[in-house]
file upload.txt (compact mmCIF, C-alpha atoms)
# COMPACT_ATOMS: atom_id res chain seq x y z
CA MET A 22 -28.53 -56.16 6.83
CA LYS A 23 -26.58 -54.48 4.08
CA LEU A 24 -25.60 -50.85 4.60
CA THR A 25 -25.22 -48.52 1.62
CA PHE A 26 -22.82 -45.61 1.97
CA LEU A 27 -23.10 -42.62 -0.31
CA PRO A 28 -19.93 -40.92 -1.49
CA VAL A 29 -18.68 -38.19 0.85
CA TRP A 30 -18.81 -35.56 -1.91
CA ILE A 31 -22.60 -35.89 -2.13
CA PHE A 32 -23.02 -34.93 1.50
CA PHE A 33 -20.52 -32.11 1.07
CA ALA A 34 -22.32 -30.77 -2.01
CA ALA A 35 -25.67 -30.90 -0.24
CA PHE A 36 -24.20 -29.03 2.72
CA ILE A 37 -22.75 -26.32 0.51
CA CYS A 38 -25.93 -25.86 -1.51
CA GLY A 39 -28.02 -25.48 1.62
CA CYS A 40 -25.82 -22.80 3.18
CA SER A 41 -25.84 -19.11 2.43
CA ALA A 42 -22.62 -17.33 1.54
CA VAL A 43 -21.37 -13.93 0.54
CA PRO A 44 -21.53 -13.96 -3.28
CA SER A 45 -18.23 -13.73 -5.12
CA GLN A 46 -19.55 -12.44 -8.43
CA ARG A 47 -20.12 -8.72 -7.97
CA VAL A 48 -22.24 -6.40 -10.07
CA SER A 49 -20.23 -4.26 -12.46
CA GLN A 50 -20.57 -0.81 -10.95
CA PRO A 51 -20.99 2.22 -13.23
CA TRP A 52 -19.02 5.35 -12.51
CA VAL A 53 -21.28 7.80 -10.66
CA ARG A 54 -20.77 11.35 -9.44
CA SER A 55 -23.08 14.00 -8.00
CA LEU A 56 -22.49 17.70 -7.36
CA LYS A 57 -24.72 20.11 -5.47
CA SER A 58 -25.01 23.79 -4.65
CA ASN A 59 -25.60 25.27 -1.22
CA GLN A 60 -29.31 25.56 -1.96
CA PRO A 61 -31.14 22.37 -0.89
CA ILE A 62 -33.47 20.46 -3.19
CA GLU A 63 -36.94 20.13 -1.66
CA THR A 64 -39.38 17.31 -2.30
CA SER A 65 -43.07 18.14 -2.96
CA LYS A 66 -41.92 20.86 -5.34
CA SER A 67 -43.14 20.95 -8.95
CA VAL A 68 -40.73 19.95 -11.70
CA LYS A 69 -40.58 20.02 -15.48
CA ILE A 70 -38.61 17.20 -17.14
CA THR A 71 -36.86 17.31 -20.51
CA VAL A 72 -34.78 14.63 -22.25
CA SER A 73 -32.33 14.85 -25.13
CA GLY A 74 -29.42 12.82 -26.45
CA THR A 75 -27.79 10.83 -29.22
CA THR A 76 -27.08 7.18 -29.99
CA LEU A 77 -24.14 7.54 -32.37
CA PRO A 78 -23.98 3.96 -33.72
CA LEU A 79 -27.62 4.30 -34.88
CA LEU A 80 -29.33 6.60 -37.34
CA GLY A 81 -32.54 8.54 -37.38
CA ASN A 82 -34.72 10.47 -35.00
CA GLU A 83 -34.13 10.07 -31.25
CA ALA A 84 -37.66 11.12 -30.29
CA LEU A 85 -38.93 7.65 -29.35
CA ILE A 86 -35.86 6.80 -27.27
CA SER A 87 -36.13 10.17 -25.53
CA GLU A 88 -39.83 9.60 -24.84
CA ASN A 89 -39.15 6.19 -23.30
CA LEU A 90 -36.41 7.63 -21.07
CA LEU A 91 -38.74 10.49 -20.14
CA GLN A 92 -41.38 8.03 -18.94
CA GLN A 93 -38.88 6.07 -16.85
CA LEU A 94 -37.38 9.19 -15.28
CA THR A 95 -40.83 10.68 -14.62
CA GLN A 96 -41.88 7.61 -12.63
CA LEU A 97 -38.70 7.61 -10.55
CA ILE A 98 -38.86 11.38 -9.90
CA ARG A 99 -42.55 11.22 -8.97
CA ARG A 100 -42.02 8.44 -6.43
CA ARG A 101 -39.50 10.61 -4.59
CA GLY A 102 -42.30 13.04 -3.80
CA PHE A 103 -41.89 15.61 -6.57
CA VAL A 104 -44.91 16.82 -8.53
CA ILE A 105 -44.68 16.78 -12.33
CA ASN A 106 -46.03 20.01 -13.82
CA GLU A 107 -45.05 21.21 -17.29
CA ASN A 108 -46.51 24.69 -16.74
CA GLY A 109 -46.21 25.93 -13.15
CA TYR A 110 -42.92 24.43 -11.97
CA ASP A 111 -40.20 25.21 -9.42
CA TYR A 112 -37.38 23.08 -10.86
CA VAL A 113 -36.30 22.02 -14.32
CA VAL A 114 -34.94 18.45 -14.51
CA THR A 115 -32.89 17.74 -17.64
CA LEU A 116 -31.70 14.27 -18.68
CA ILE A 117 -28.94 14.14 -21.29
CA TYR A 118 -27.78 10.79 -22.68
CA LYS A 119 -25.19 9.59 -25.16
CA THR A 120 -24.17 6.17 -26.51
CA ASP A 121 -20.84 5.57 -28.26
CA ARG A 122 -19.37 2.42 -29.72
CA SER A 123 -16.08 1.76 -27.95
CA ASP A 124 -14.62 -1.60 -28.91
CA ARG A 125 -11.79 -2.40 -26.55
CA MET A 126 -9.22 -4.98 -25.64
CA LYS A 127 -10.00 -7.00 -22.55
CA TYR A 128 -6.91 -7.98 -20.57
CA SER A 129 -7.36 -10.41 -17.72
CA SER A 130 -4.17 -9.11 -16.10
CA SER A 131 -5.58 -5.58 -15.87
CA ILE A 132 -8.39 -6.54 -13.49
CA ALA A 133 -6.34 -6.23 -10.31
CA SER A 134 -5.07 -2.71 -11.02
CA ARG A 135 -8.51 -1.50 -12.13
CA ASN A 136 -10.14 -2.88 -9.00
CA ALA A 137 -7.65 -1.05 -6.82
CA MET A 138 -8.60 2.21 -8.52
CA ASP A 139 -12.31 1.43 -8.10
CA TYR A 140 -11.73 0.72 -4.42
CA THR A 141 -10.27 4.18 -3.81
CA THR A 142 -13.12 5.88 -5.63
CA LEU A 143 -16.03 3.88 -4.25
CA THR A 144 -15.03 3.74 -0.60
CA ASN A 145 -15.03 7.53 -0.46
CA ALA A 146 -18.67 7.63 -1.54
CA GLY A 147 -21.05 8.55 1.25
CA VAL A 148 -18.56 10.27 3.57
CA GLY A 149 -20.30 13.24 5.13
CA ALA A 150 -23.53 12.56 3.21
CA THR A 151 -27.03 12.38 4.65
CA SER A 152 -28.81 10.68 1.74
CA GLY A 153 -28.07 7.78 -0.58
CA LEU A 154 -26.18 5.86 2.12
CA GLY A 155 -27.82 2.54 1.22
CA VAL A 156 -26.42 2.84 -2.29
CA SER A 157 -23.04 4.08 -1.02
CA ILE A 158 -22.52 1.08 1.27
CA ALA A 159 -23.45 -1.33 -1.56
CA ARG A 160 -20.86 0.25 -3.86
CA THR A 161 -18.23 0.10 -1.12
CA ILE A 162 -18.96 -3.56 -0.37
CA SER A 163 -18.68 -4.31 -4.08
CA ALA A 164 -15.26 -2.64 -4.18
CA LEU A 165 -14.09 -4.48 -1.08
CA SER A 166 -15.17 -7.87 -2.39
CA SER A 167 -13.33 -7.33 -5.67
CA ARG A 168 -10.22 -5.69 -4.28
CA SER A 169 -8.43 -8.99 -3.68
CA THR A 170 -9.17 -10.47 -7.09
CA THR A 171 -6.17 -12.42 -8.36
CA VAL A 172 -5.31 -13.27 -11.93
CA GLY A 173 -3.78 -16.64 -12.69
CA THR A 174 -3.61 -16.37 -16.46
CA GLN A 175 -2.68 -13.80 -19.04
CA SER A 176 -5.04 -13.34 -21.97
CA ALA A 177 -6.34 -10.63 -24.25
CA GLU A 178 -9.26 -10.37 -26.61
CA GLN A 179 -11.06 -7.64 -28.48
CA ILE A 180 -14.70 -7.30 -27.47
CA LEU A 181 -17.59 -5.31 -28.85
CA SER A 182 -18.44 -2.61 -26.35
CA TYR A 183 -20.66 0.44 -26.03
CA THR A 184 -20.31 3.31 -23.58
CA HIS A 185 -23.51 4.81 -22.19
CA THR A 186 -23.26 8.20 -20.50
CA ILE A 187 -26.13 9.99 -18.76
CA ALA A 188 -26.38 13.23 -16.83
CA ILE A 189 -29.31 14.57 -14.81
CA GLU A 190 -29.31 18.29 -14.03
CA ILE A 191 -31.67 20.20 -11.75
CA SER A 192 -31.93 23.96 -12.07
CA SER A 193 -34.23 26.62 -10.68
CA LYS A 194 -36.92 28.22 -12.78
CA ASP A 195 -34.59 31.11 -13.60
CA GLY A 196 -31.80 28.79 -14.74
CA LEU A 197 -29.61 28.60 -11.60
CA ALA A 198 -27.79 25.24 -11.40
CA LEU A 199 -28.74 23.43 -8.16
CA TRP A 200 -27.64 19.80 -8.60
CA LYS A 201 -26.09 17.47 -11.14
CA GLY A 202 -25.68 13.70 -11.24
CA GLU A 203 -23.62 11.83 -13.82
CA SER A 204 -22.96 8.21 -14.71
CA THR A 205 -21.15 6.23 -17.39
CA TRP A 206 -20.77 2.50 -17.97
CA ASP A 207 -19.47 0.05 -20.57
CA THR A 208 -21.64 -2.80 -21.78
CA GLY A 209 -22.11 -5.19 -24.66
CA ASP A 210 -25.71 -3.95 -25.12
CA LEU A 211 -26.26 -1.12 -27.58
CA ASN A 212 -29.75 -0.48 -26.21
CA ILE A 213 -29.45 2.11 -23.44
CA LEU A 214 -32.94 1.19 -22.20
CA ILE A 215 -31.63 -2.17 -20.92
CA GLY A 216 -30.82 -1.68 -17.27
CA ILE A 217 -31.64 2.03 -17.36
CA ILE A 218 -33.87 1.95 -14.24
CA PRO A 219 -31.10 0.91 -11.80
CA ALA A 220 -28.72 3.34 -13.54
CA LEU A 221 -31.11 6.26 -13.09
CA GLN A 222 -31.88 5.21 -9.53
CA LEU A 223 -28.17 5.18 -8.64
CA ILE A 224 -27.96 8.87 -9.57
CA LEU A 225 -31.28 9.89 -8.03
CA SER A 226 -30.44 8.22 -4.70
CA ASP A 227 -28.41 11.33 -3.84
CA LEU A 228 -31.63 13.38 -3.86
CA PRO A 229 -34.01 13.62 -0.89
CA SER A 230 -37.07 11.39 -0.93
CA ASP A 231 -40.52 11.42 0.65
CA ARG A 232 -40.75 7.91 2.09
CA SER A 233 -44.53 8.10 2.45
CA VAL A 234 -45.04 8.00 -1.34
CA ARG A 235 -46.26 4.63 -2.65
CA PRO A 236 -45.49 3.86 -6.31
CA GLU A 237 -48.29 2.42 -8.42
CA VAL A 238 -47.65 -0.94 -10.11
CA PRO A 239 -49.91 -3.16 -12.24
CA GLU A 240 -51.41 -6.38 -10.89
CA VAL A 241 -50.70 -9.61 -12.79
CA LYS A 242 -53.75 -11.60 -13.90
CA ASP A 243 -54.37 -14.96 -12.20
CA THR A 244 -54.37 -16.63 -15.60
CA HIS A 245 -51.07 -15.03 -16.70
CA ILE A 246 -48.82 -15.48 -13.67
CA ASN A 247 -46.75 -18.13 -15.42
CA ASN A 248 -46.55 -15.99 -18.57
CA TYR A 249 -45.29 -12.98 -16.62
CA PHE A 250 -42.69 -15.02 -14.78
CA ARG A 251 -41.33 -16.54 -17.97
CA LEU A 252 -41.25 -13.17 -19.75
CA MET A 253 -39.83 -11.00 -16.94
CA CYS A 254 -38.10 -13.22 -14.37
CA LYS A 255 -37.07 -16.63 -15.65
CA ASP A 256 -33.31 -16.93 -16.37
CA ALA A 257 -32.88 -13.19 -15.80
CA TRP A 258 -30.30 -11.62 -13.49
CA PHE A 259 -31.33 -8.30 -11.94
CA THR A 260 -29.26 -5.51 -10.41
CA CYS A 261 -30.33 -3.44 -7.42
CA PRO A 262 -28.88 -0.04 -6.42
CA ALA A 263 -28.79 -1.15 -2.77
CA LEU A 264 -26.94 -4.45 -3.34
CA PRO A 265 -23.42 -5.18 -4.58
CA TYR A 266 -24.29 -8.51 -6.20
CA ARG A 267 -26.72 -9.59 -8.90
CA ILE A 268 -30.13 -11.12 -8.11
CA TYR A 269 -31.98 -14.17 -9.43
CA PHE A 270 -35.47 -15.54 -8.82
CA ALA A 271 -34.81 -18.99 -7.35
CA GLU A 272 -36.96 -21.72 -8.88
CA HIS A 273 -35.96 -24.54 -6.51
CA SER A 274 -36.95 -27.90 -7.98
CA GLN A 275 -40.57 -27.15 -8.86
CA SER A 276 -41.62 -26.79 -12.45
CA ILE A 277 -43.86 -23.90 -13.33
CA ALA A 278 -46.36 -25.66 -15.51
CA GLY A 279 -49.76 -24.09 -15.18
CA PRO A 280 -50.69 -20.74 -13.65
CA LYS A 281 -48.29 -21.00 -10.70
CA ALA A 282 -45.07 -19.25 -9.80
CA PRO A 283 -42.13 -21.13 -8.28
CA VAL A 284 -41.93 -22.01 -4.61
CA GLY A 285 -41.21 -18.96 -2.48
CA ILE A 286 -43.16 -16.47 -4.60
CA ASN A 287 -46.23 -15.84 -2.51
CA ASN A 288 -49.02 -13.56 -3.73
CA PRO A 289 -47.81 -13.92 -7.35
CA ASN A 290 -50.28 -11.27 -8.52
CA ALA A 291 -47.73 -8.81 -7.05
CA LEU A 292 -44.88 -10.04 -9.28
CA ALA A 293 -44.61 -6.61 -10.94
CA ALA A 294 -44.06 -5.06 -7.50
CA TYR A 295 -41.37 -7.63 -6.69
CA VAL A 296 -39.53 -6.89 -9.93
CA ASP A 297 -39.83 -3.14 -9.38
CA LEU A 298 -38.52 -3.33 -5.80
CA VAL A 299 -35.55 -5.45 -6.84
CA GLN A 300 -34.54 -2.84 -9.44
CA THR A 301 -35.17 0.33 -7.43
CA ALA A 302 -34.58 -0.34 -3.69
CA GLU A 303 -32.10 2.14 -2.21
CA TYR A 304 -31.69 0.35 1.12
CA ALA A 305 -31.20 -3.35 1.84
CA LEU A 306 -31.40 -4.75 5.36
CA PRO A 307 -28.48 -7.16 6.00
CA GLY A 308 -28.38 -9.92 8.59
CA GLY A 309 -26.95 -9.57 12.05
CA ASP A 310 -27.96 -7.34 14.96
CA GLU A 311 -27.18 -3.82 16.12
CA LYS A 312 -23.76 -4.82 17.46
CA ALA A 313 -22.78 -6.37 14.13
CA TRP A 314 -23.95 -3.25 12.29
CA LYS A 315 -21.21 -1.16 13.90
CA ASN A 316 -19.04 -2.31 11.00
CA PRO A 317 -21.32 -2.35 7.93
CA LEU A 318 -18.32 -3.30 5.77
CA GLU A 319 -18.14 -6.73 7.41
CA LEU A 320 -18.76 -9.04 4.47
CA SER A 321 -20.41 -11.74 6.59
CA LEU A 322 -23.36 -9.38 7.16
CA TRP A 323 -24.25 -9.67 3.49
CA LYS A 324 -24.94 -13.40 3.30
CA ASN A 325 -28.68 -12.80 3.71
CA VAL A 326 -30.52 -9.55 3.03
CA THR A 327 -34.10 -8.30 3.00
CA LEU A 328 -35.77 -5.70 0.80
CA GLY A 329 -39.03 -3.95 1.61
CA GLY A 330 -41.32 -1.37 0.07
CA GLN A 331 -44.90 -0.15 -0.08
CA TYR A 332 -46.98 0.04 -3.25
CA PHE A 333 -50.42 0.68 -4.66
CA LEU A 334 -51.26 -2.51 -6.55
CA GLY A 335 -53.55 -2.86 -9.55
CA PRO A 336 -56.36 -0.74 -10.93
CA ASP A 337 -57.99 -0.58 -7.48
CA LYS A 338 -54.75 0.81 -6.01
CA LYS A 339 -54.70 -1.60 -3.09
CA ALA A 340 -52.13 -0.53 -0.50
CA VAL A 341 -49.68 -3.43 -0.04
CA ASN A 342 -46.47 -4.02 1.89
CA ILE A 343 -43.79 -5.96 -0.01
CA ILE A 344 -40.99 -7.95 1.59
CA ILE A 345 -38.34 -9.89 -0.34
CA GLU A 346 -35.86 -12.24 1.34
CA LEU A 347 -32.61 -13.02 -0.49
CA THR A 348 -29.98 -15.65 0.20
CA GLY A 349 -26.41 -15.33 -1.01
CA LYS A 350 -24.84 -18.06 -3.15
CA SER A 351 -21.49 -18.06 -4.91
CA ASP A 352 -22.91 -16.53 -8.11
CA GLY A 353 -25.25 -13.95 -6.56
CA TYR A 354 -28.36 -13.46 -4.47
CA TYR A 355 -31.31 -15.82 -4.90
CA ILE A 356 -34.81 -14.64 -4.02
CA GLU A 357 -35.99 -17.28 -1.56
CA LYS A 358 -39.26 -15.62 -0.58
CA CYS A 359 -41.27 -12.61 -1.70
CA LYS A 360 -44.72 -11.77 -0.44
CA ILE A 361 -47.30 -9.22 0.58
CA ALA A 362 -46.67 -8.72 4.29
CA ASP A 363 -49.22 -7.70 6.89
CA ASP A 364 -48.87 -4.37 8.68
CA LYS A 365 -47.28 -5.91 11.79
CA GLU A 366 -44.57 -7.76 9.87
CA TYR A 367 -43.79 -4.72 7.74
CA SER A 368 -43.69 -2.49 10.81
CA ASP A 369 -41.13 -4.83 12.42
CA PHE A 370 -39.07 -4.78 9.21
CA ASN A 371 -39.31 -0.99 8.99
CA LEU A 372 -38.15 -0.60 12.58
CA ARG A 373 -35.02 -2.66 11.89
CA LEU A 374 -34.46 -0.79 8.64
CA ARG A 375 -34.63 2.52 10.51
CA MET A 376 -32.01 1.22 12.94
CA TRP A 377 -29.84 0.14 10.00
CA ARG A 378 -30.15 3.58 8.41
CA GLU A 379 -29.06 5.16 11.69
CA ALA A 380 -26.09 2.79 11.87
CA LEU A 381 -25.04 3.82 8.35
CA TYR A 382 -25.46 7.49 9.16
CA TYR A 383 -23.29 7.12 12.26
CA TYR A 384 -20.64 5.18 10.31
CA TYR A 385 -20.38 7.77 7.54
CA ASP A 386 -20.65 10.82 9.82
CA VAL A 387 -16.86 11.36 10.06
CA TYR A 388 -16.80 15.17 10.23
CA GLU A 389 -17.43 17.60 13.08
CA TRP A 390 -20.57 19.67 12.48
CA ARG A 391 -21.53 22.84 14.26
CA ASP A 392 -25.27 22.18 14.14
CA GLY A 393 -25.22 18.73 12.57
CA PRO A 394 -26.37 17.98 9.01
CA GLY A 395 -29.42 16.05 10.20
CA LEU A 396 -30.96 12.93 8.72

call {"tool": "encode", "arguments": {"input": "upload.txt", "output": "structure tokens"}}
result
Amino acid sequence: MKLTFLPVWIFFAAFICGCSAVPSQRVSQPWVRSLKSNQPIETSKSVKITVSGTTLPLLGNEALISENLLQQLTQLIRRRGFVINENGYDYVVTLIYKTDRSDRMKYSSSIASRNAMDYTTLTNAGVGATSGLGVSIARTISALSSRSTTVGTQSAEQILSYTHTIAIEISSKDGLALWKGESTWDTGDLNILIGIIPALQLILSDLPSDRSVRPEVPEVKDTHINNYFRLMCKDAWFTCPALPYRIYFAEHSQSIAGPKAPVGINNPNALAAYVDLVQTAEYALPGGDEKAWKNPLELSLWKNVTLGGQYFLGPDKKAVNIIIELTGKSDGYYIEKCKIADDKEYSDFNLRLRMWREALYYYYDVYEWRDGPGL
């Protein structure tokens, strides 16, 4: 009997592909800062939202851009528990945006020094805070994973770049400043609307949130599942405020001919909810147990993560529980499974998420408090 031996590298490649790993390609983190007064911001209050700004490389009226940003911000503010009311309101929320063209030289040798500066800034985020800790830990992990970046070559090139800057201000009805969040980032995209949802969510994560609020998302038609996937998901990398690495819908080896989504996407009618959760989640549940969570900066925790959220789906507003499981590969997270979970499974996930939130709170609670800031 003749034996056939396959080359060793084939077995090695198969082993590597089947294993999860902490991704090495981090998400480019925008600069973010928030400032607050001594007066707390309360959810369930009524707010009025205004938007204004300029896109200097372009000409003409900004009304349509402002209206689009207003719609996005309104949805994100509403899901935190605030009530939108243009007449009888308690707070005024103002979004100011600006886009500048800022062509720059890209030096490969400058990466190491810039990462070191980012590390100092990002690892301080969250200290003494009681909200936004899921976003803070993601930004810190991103800084840690890039801190040791080494440069083996020297090169320089001029690249087309745009700088987007946004600020969200909250004031009382009589004009007293209560809170301000700011962000700026460089990108090759002139359109500020690209990636604006995660950018807004990064800022808003510092605000309190009513976790009982379920966002409303549309339901994808049975006959258009494949269309939606190709338009919104296929070959697209997503960013999530709660994760330090980019996200991709894994297609495995199955083609998507016909009205079917790839393997792993269960209940494909909820694809809009999956996409929304990936772009807006403020907490991600990493692997490991309670003992491992004592050091949330341990990179090995972030090989596999889970996202979860609750939505009203479709015109009938069906209450659904969404769970998304992600596996880390060298170039980012791949969505291995997303589905509508039953109440028991979601309850188990939520219990572990609550424990994770408590672990983060304990880790960041470095100061002595007389009465305690409270969660």

call {"tool": "atom_distance", "arguments": {"input": "upload.txt", "atom1": "CA of Ile213 (chain A)", "atom2": "CA of Gln92 (chain A)"}}
result
14.1 Å

call {"tool": "atom_distance", "arguments": {"input": "upload.txt", "atom1": "CA of Gly109 (chain A)", "atom2": "CA of Leu94 (chain A)"}}
result
19.0 Å

call {"tool": "closest_residue", "arguments": {"input": "upload.txt", "among": "A:Val234, A:Ala380, A:Ala271, A:Leu347", "to": "Gly330 (chain A)", "atoms": "all atoms listed in the file"}}
result
A:Val234

call {"tool": "residues_near_point", "arguments": {"input": "upload.txt", "point": "(-28.6, 19.1, -12.5)", "cutoff": "10 Å", "atoms": "all atoms listed in the file", "output": "ChimeraX atom specification"}}
result
/A:55-58,112-116,188-193,197-203

call {"tool": "axis_aligned_box", "arguments": {"input": "upload.txt", "around": "region 362-369 of chain A", "padding_each_side": "3 Å", "output": "lines of an AutoDock Vina configuration file"}}
result
center_x = -45.2
center_y = -5.6
center_z = 8.4
size_x = 14.1
size_y = 12.2
size_z = 14.1

call {"tool": "atom_distance", "arguments": {"input": "upload.txt", "atom1": "CA of Lys69 (chain A)", "atom2": "CA of Gln300 (chain A)"}}
result
24.4 Å

call {"tool": "residues_near_point", "arguments": {"input": "upload.txt", "point": "(-47.7, 22.7, -15.0)", "cutoff": "9 Å", "atoms": "all atoms listed in the file", "output": "ChimeraX atom specification"}}
result
/A:67-69,105-110

call {"tool": "closest_residue", "arguments": {"input": "upload.txt", "among": "A:Val284, A:Leu318, A:Val43, A:Val72", "to": "Ala84 (chain A)", "atoms": "all atoms listed in the file"}}
result
A:Val72

call {"tool": "closest_residue", "arguments": {"input": "upload.txt", "among": "A:Tyr266, A:Trp323, A:Tyr385, A:Tyr304", "to": "Arg232 (chain A)", "atoms": "all atoms listed in the file"}}
result
A:Tyr304

call {"tool": "residues_around", "arguments": {"input": "upload.txt", "residues": "Asn316 (chain A)", "least_positions_apart": "6", "cutoff": "10 Å", "atoms": "all atoms listed in the file", "output": "VMD selection string"}}
result
chain A and resid 322 380 to 381 384

call {"tool": "closest_residue", "arguments": {"input": "upload.txt", "among": "A:Pro336, A:Gly329, A:Pro283, A:Pro265", "to": "Arg251 (chain A)", "atoms": "all atoms listed in the file"}}
result
A:Pro283

call {"tool": "closest_residue", "arguments": {"input": "upload.txt", "among": "A:Ser182, A:Asn212, A:Gln46, A:Asn59", "to": "Asn89 (chain A)", "atoms": "all atoms listed in the file"}}
result
A:Asn212

call {"tool": "build_atoms", "arguments": {"input": "upload.txt", "residues": "region 88-105 of chain A", "atoms": "N, CA, C and O atoms", "output": "compact mmCIF listing (two decimals), in the frame of the given file"}}
result
# COMPACT_ATOMS: atom_id res chain seq x y z
N GLU A 88 -38.52 9.73 -25.48
CA GLU A 88 -39.83 9.60 -24.84
C GLU A 88 -39.85 8.45 -23.85
O GLU A 88 -40.41 8.56 -22.76
N ASN A 89 -39.22 7.33 -24.21
CA ASN A 89 -39.15 6.19 -23.30
C ASN A 89 -38.35 6.54 -22.05
O ASN A 89 -38.76 6.23 -20.93
N LEU A 90 -37.21 7.21 -22.22
CA LEU A 90 -36.41 7.63 -21.07
C LEU A 90 -37.17 8.64 -20.22
O LEU A 90 -37.07 8.62 -18.98
N LEU A 91 -37.94 9.51 -20.87
CA LEU A 91 -38.74 10.49 -20.14
C LEU A 91 -39.76 9.80 -19.23
O LEU A 91 -39.95 10.19 -18.07
N GLN A 92 -40.40 8.76 -19.75
CA GLN A 92 -41.38 8.03 -18.94
C GLN A 92 -40.74 7.36 -17.74
O GLN A 92 -41.27 7.41 -16.62
N GLN A 93 -39.57 6.74 -17.96
CA GLN A 93 -38.88 6.07 -16.85
C GLN A 93 -38.45 7.08 -15.79
O GLN A 93 -38.64 6.85 -14.58
N LEU A 94 -37.85 8.18 -16.23
CA LEU A 94 -37.38 9.19 -15.28
C LEU A 94 -38.55 9.84 -14.54
O LEU A 94 -38.46 10.11 -13.34
N THR A 95 -39.65 10.07 -15.26
CA THR A 95 -40.83 10.68 -14.62
C THR A 95 -41.34 9.82 -13.48
O THR A 95 -41.66 10.33 -12.39
N GLN A 96 -41.41 8.51 -13.69
CA GLN A 96 -41.88 7.61 -12.63
C GLN A 96 -40.96 7.65 -11.42
O GLN A 96 -41.42 7.70 -10.27
N LEU A 97 -39.65 7.64 -11.65
CA LEU A 97 -38.70 7.61 -10.55
C LEU A 97 -38.66 8.95 -9.81
O LEU A 97 -38.50 8.99 -8.58
N ILE A 98 -38.82 10.05 -10.54
CA ILE A 98 -38.86 11.38 -9.90
C ILE A 98 -40.14 11.53 -9.09
O ILE A 98 -40.13 12.03 -7.95
N ARG A 99 -41.26 11.08 -9.66
CA ARG A 99 -42.55 11.22 -8.97
C ARG A 99 -42.57 10.43 -7.67
O ARG A 99 -43.10 10.90 -6.66
N ARG A 100 -41.97 9.25 -7.64
CA ARG A 100 -42.02 8.44 -6.43
C ARG A 100 -41.13 9.00 -5.32
O ARG A 100 -41.19 8.54 -4.19
N ARG A 101 -40.30 9.96 -5.63
CA ARG A 101 -39.50 10.61 -4.59
C ARG A 101 -40.28 11.72 -3.90
O ARG A 101 -39.81 12.29 -2.91
N GLY A 102 -41.47 12.02 -4.43
CA GLY A 102 -42.30 13.04 -3.80
C GLY A 102 -42.46 14.31 -4.60
O GLY A 102 -43.21 15.21 -4.21
N PHE A 103 -41.76 14.41 -5.73
CA PHE A 103 -41.89 15.61 -6.57
C PHE A 103 -43.18 15.54 -7.38
O PHE A 103 -43.69 14.47 -7.70
N VAL A 104 -43.69 16.71 -7.74
CA VAL A 104 -44.91 16.82 -8.53
C VAL A 104 -44.52 17.22 -9.95
O VAL A 104 -43.78 18.19 -10.14
N ILE A 105 -45.00 16.47 -10.94
CA ILE A 105 -44.68 16.78 -12.33
C ILE A 105 -45.68 17.80 -12.85
O ILE A 105 -46.89 17.57 -12.84
